[in-house]
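Undergrad: Below is one structure. I have some questions about it.
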Amino acid sequence: MTVHTATCTAPVNIATLKYWGKRDKSLNLPTNSSISVTLSQDDLRTLTSAAASADFQEDQLWLNGALESLDSPRTKACLADLRALRAAVESADASLPKLSQYHLHIVSENNFPTAAGLASSAAGFAALVSAIASLYELPQDMSELSKIARKGSGSACRSLFGGFVAWEMGALEDGLDSKAVEVAPLAHWPTMKAAILVVSDDKKDTPSTTGMQSTVATSDLFQHRIHEVVPKRFEEMKKAIVNKDFETFGELTMKDSNSFHAVCLDSYPPIFYLNDTSKKIIKLVHKLNELEGHIIAAYTFDAGPNAVIYYDEANEAKVLGTLHKYFAQVQGWDKKDASALNGGVDIDGVDPEIYKGVSKIILTSIGQGPQKSTQSLINEQGLPKN
Ligand SMILES: Nc1ncnc2c1ncn2[C@@H]1O[C@H](COP(=O)(O)OP(=O)(O)OP(=O)(O)O)[C@@H](O)[C@H]1O
Ligand SMILES: C[C@@](O)(CCOP(=O)(O)OP(=O)(O)O)CC(=O)O
């Protein structure tokens with residue numbers, strides 16, 4: 001039996017200017033442009049192998065060791081687009097195997113919790129699209145492929161690039177101009193770091209799609225956000241990234257997280273993603289920045305209570321040192337020497353039991369986009385190795 005395979009990894013991205021709201025639900029077309037930082041795959045990544053064979057009976061996906069349905073319209077849309085591009089390649093060269101007509105076996109592993117507010121769907125769809133595009137030897141560039149990943153999950157389109165990434169919302173009804181582009185590569189600002197305080201790795205209450213639909217339908221504040229706030233912020237944040245201006249980048253990042261959670265609260269009925277621990281972390285970061293006299297740390301929260309805190313390596317002693325003072329008991333510090341963690345400052349009014357609301361800290365940094373891998377998860381029969 002002949003089995004064609006390819007394997008790719010893809011990263012998680014965490015938005016600093018949030019995507020929240022769809023103008024087209026089936027194509028995942030957003031109501032505003034967004035910006036994100038791609039995180040290092042050393043800490044958070046999806047590894048996906050894709051195989052095609054004339055002997056396969058049906059399309060199948062194994063996610064983290066269990067068979068997962070491929071019936072969702074989102075996954076079907078991604079597979080249909082990729083097959084259409086492969087069919088075009090095959091019609092231009094009759095000597096190529098007709099992979100577009102074969103069923104696919106896809107095996108994927110996330111090295112972090114799935115569906116827990118850590119952007120697994122972003123890394124997952126970016127890896128799925130990258131692995132199949134590699135299997136099909138597609139000529140399309142990353143921006144083109146990002147339009148396919150977008151149909152899987154909006155935020156996934158940004159995981160096709162490393163470094164700093166913008167998702168341009170586009171204006172066309174068919175979504176052909178709604179794609180991810182690179183704002184700056186990893187090498188432009190490699191000292192950007194992220195500390196993720198995992199407040200909960202439970203499945204979230206209100207799924208992003210449902211939450212967005214409710215916000216678009218019911219929040220008045222949302223109209224102000226998408227028309228007045230985000231367009232200006234989008235340009236300002238890109239400029240701050242190009243200038244490596246952490247103060248401006250950090251301020252815009254925090255304000256945008258707050259704006260996103262404000263429109264969630266303004267939805268009817270309201271949507272709550274932050275919990276008491278999240279709010280205590282927000283206060284801690286503001287007090288740290290006040291003590292320093294300028295912004296050295298910036299928080300952002302997605303559709304859940306987990307905090308992502310961005311900082312520049314130049315301020316690592318102070319930022320991580322301070323977090324260590326309050327969260328020393330949580331797991332995840334082992335990759336840092338104790339000597340690197342004693343530069344923290346005391347902050348008035350922080351609940352000494354704040355650490356009880358946090359299960360672990362993930363210390364990571366900015367990273368690269370999808371990578372080809374030789375570590376196949378599929379055996380010669382086209383089935384999962386484990
Ligand atoms: N490696 C993967 N390959 C394919 N699909 C995946 C993969 N990982 C996750 N997914 C899909 O994404 C879904 C989880 O998306 P969901 O939006 O609920 O959580 P999340 O992305 O972890 O959180 P958030 O969007 O709040 O950051 C999974 O149920 C699965 O359908
Ligand atoms: C708060 C966010 O993380 C929302 C992400 O939403 P998704 O990309 O998960 O939504 P779907 O398009 O419905 O799959 C903000 C962001 O990542 O920009």
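Quick note on naming: the chains in the structure tokens go A, B, ... in the order shown, residues restart at 1 in each chain, and ligands are numbered from 1 in order of appearance.
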Within 8 Å of ligand 2, counting only C-alpha atoms and all ligand atoms, which protein or nucleic acid residues do you find, written as a ChimeraX atom specification?

TA: /A:13-20,22,25,28,34-36,117,119,121-122,150-156,207-210,212,260,301-303

Undergrad: Using only C-alpha atoms, determine which residues lie at most 8 Å from segment 327-335 of chain A, disregarding the query and same-chain residues fewer than 2 positions distant; provide the list as a list in words.

TA: Leu323, His324, Lys325, Asp337, Ile354, Tyr355, Val358, Ser359, Lys360, Ile361, Ile362 and Leu363 of chain A

Undergrad: Can you work out which residues are within 8 Å of ligand 1, considering only C-alpha atoms and all ligand atoms, and then hand them over as a ChimeraX atom specification?

TA: /A:46-48,61,63-64,68,107-110,113-125,127-128,153,155,203-204,207-208,302-304

Undergrad: Where in segment 114-315 of chain A does DSSP assign helix (DSSP H, G or I), given as a ChimeraX atom specification?

TA: /A:120-135,142-152,154-160,186-188,208-218,220-242,246-265,276-292,313-315

Undergrad: With distances taken over only C-alpha atoms, which residue among A:Ala184, A:Met1, A:Val350, A:Ala317 lies nearest Ala338 of chain A?

TA: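 Result for the nearest residue to Ala338 of chain A: A:Ala317.
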
Undergrad: Do you know which residues are at most 7 Å from Leu29 of chain A counting only C-alpha atoms, after dropping those on the same chain fewer than 3 positions away, and could you put them as a list in words?

TA: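 Surrounding residues, per the criterion: Lys22, Arg23, Asp24, Lys25, Met169, Gly175 and Ser178 of chain A.
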
Undergrad: Pick out the closest residue to Asp55 of chain A from this set: A:Thr38, A:Thr218, A:Gln101, A:Ser365. Count only C-alpha atoms.

TA: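 Closest to Asp55 of chain A of all the choices is A:Gln101.
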
Undergrad: To one decimal place in Å, what is the distance between atom CA of Val216 of chain A and atom CA of Ser267 of chain A?

TA: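 Atom-to-atom, atom CA of Val216 of chain A to atom CA of Ser267 of chain A, that is 8.1 Å.
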
Undergrad: From the options A:Ala54, A:Val37, A:Leu138, A:Ala66, which residue's atoms come nearest to Ala84 of chain A, counting only C-alpha atoms?

TA: A:Leu138

Undergrad: Record the distance separating atom CA of Asp93 of chain A and atom CA of Glu137 of chain A, expressed in Å with one decimal.

TA: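 Atom-to-atom, atom CA of Asp93 of chain A and atom CA of Glu137 of chain A are spaced 12.4 Å apart.
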
Undergrad: Tell me, in Å to one decimal, how far atom CA of Phe246 of chain A is from atom CA of Phe112 of chain A.

TA: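 Those two atoms sit 28.1 Å apart.
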
Undergrad: Would you mind listing what lies within 12 Å of Asp346 of chain A as a PyMOL selection string, with only C-alpha atoms counted and same-chain residues fewer than 2 positions away left out?

TA: chain A and resi 284-285+287-288+291-292+318-319+321-326+342-344+348-352

Undergrad: As JSON, numbers by chain, please: every residue in segment 263-300 of chain A that DSSP puts in strand (DSSP E or B).

TA: {"A": [297, 298, 299, 300]}

Undergrad: Please identify every residue of segment 6-49 of chain A that has at least one atom no farther than 8 Å from an atom of segment 376-382 of chain A, counting only C-alpha atoms, and for each give the shortest atom pair and the distance in Å to one decimal, arranged by chain then increasing number, as a tab-separated table.

TA:
```
residue	atom	partner	partner_atom	distance
A:Ala6	CA	A:Ser376	CA	7.3
A:Thr7	CA	A:Ser376	CA	5.8
A:Thr48	CA	A:Leu377	CA	7.3
A:Ser49	CA	A:Leu377	CA	5.7
```

Undergrad: Selected residues, N, CA and C atoms, written as a compact mmCIF listing (two decimals), in the first residue's frame, please.

TA:
```txt
# COMPACT_ATOMS: atom_id res chain seq x y z
N ALA A 6 3.03 13.78 5.24
CA ALA A 6 3.81 15.00 5.57
C ALA A 6 3.44 15.42 6.99
N THR A 7 4.40 16.06 7.66
CA THR A 7 4.17 16.46 9.05
C THR A 7 4.61 17.90 9.25
N THR A 48 1.14 17.90 13.66
CA THR A 48 0.12 17.21 12.85
C THR A 48 0.75 16.49 11.66
N SER A 49 0.39 15.22 11.51
CA SER A 49 0.79 14.46 10.32
C SER A 49 -0.45 14.23 9.47
```
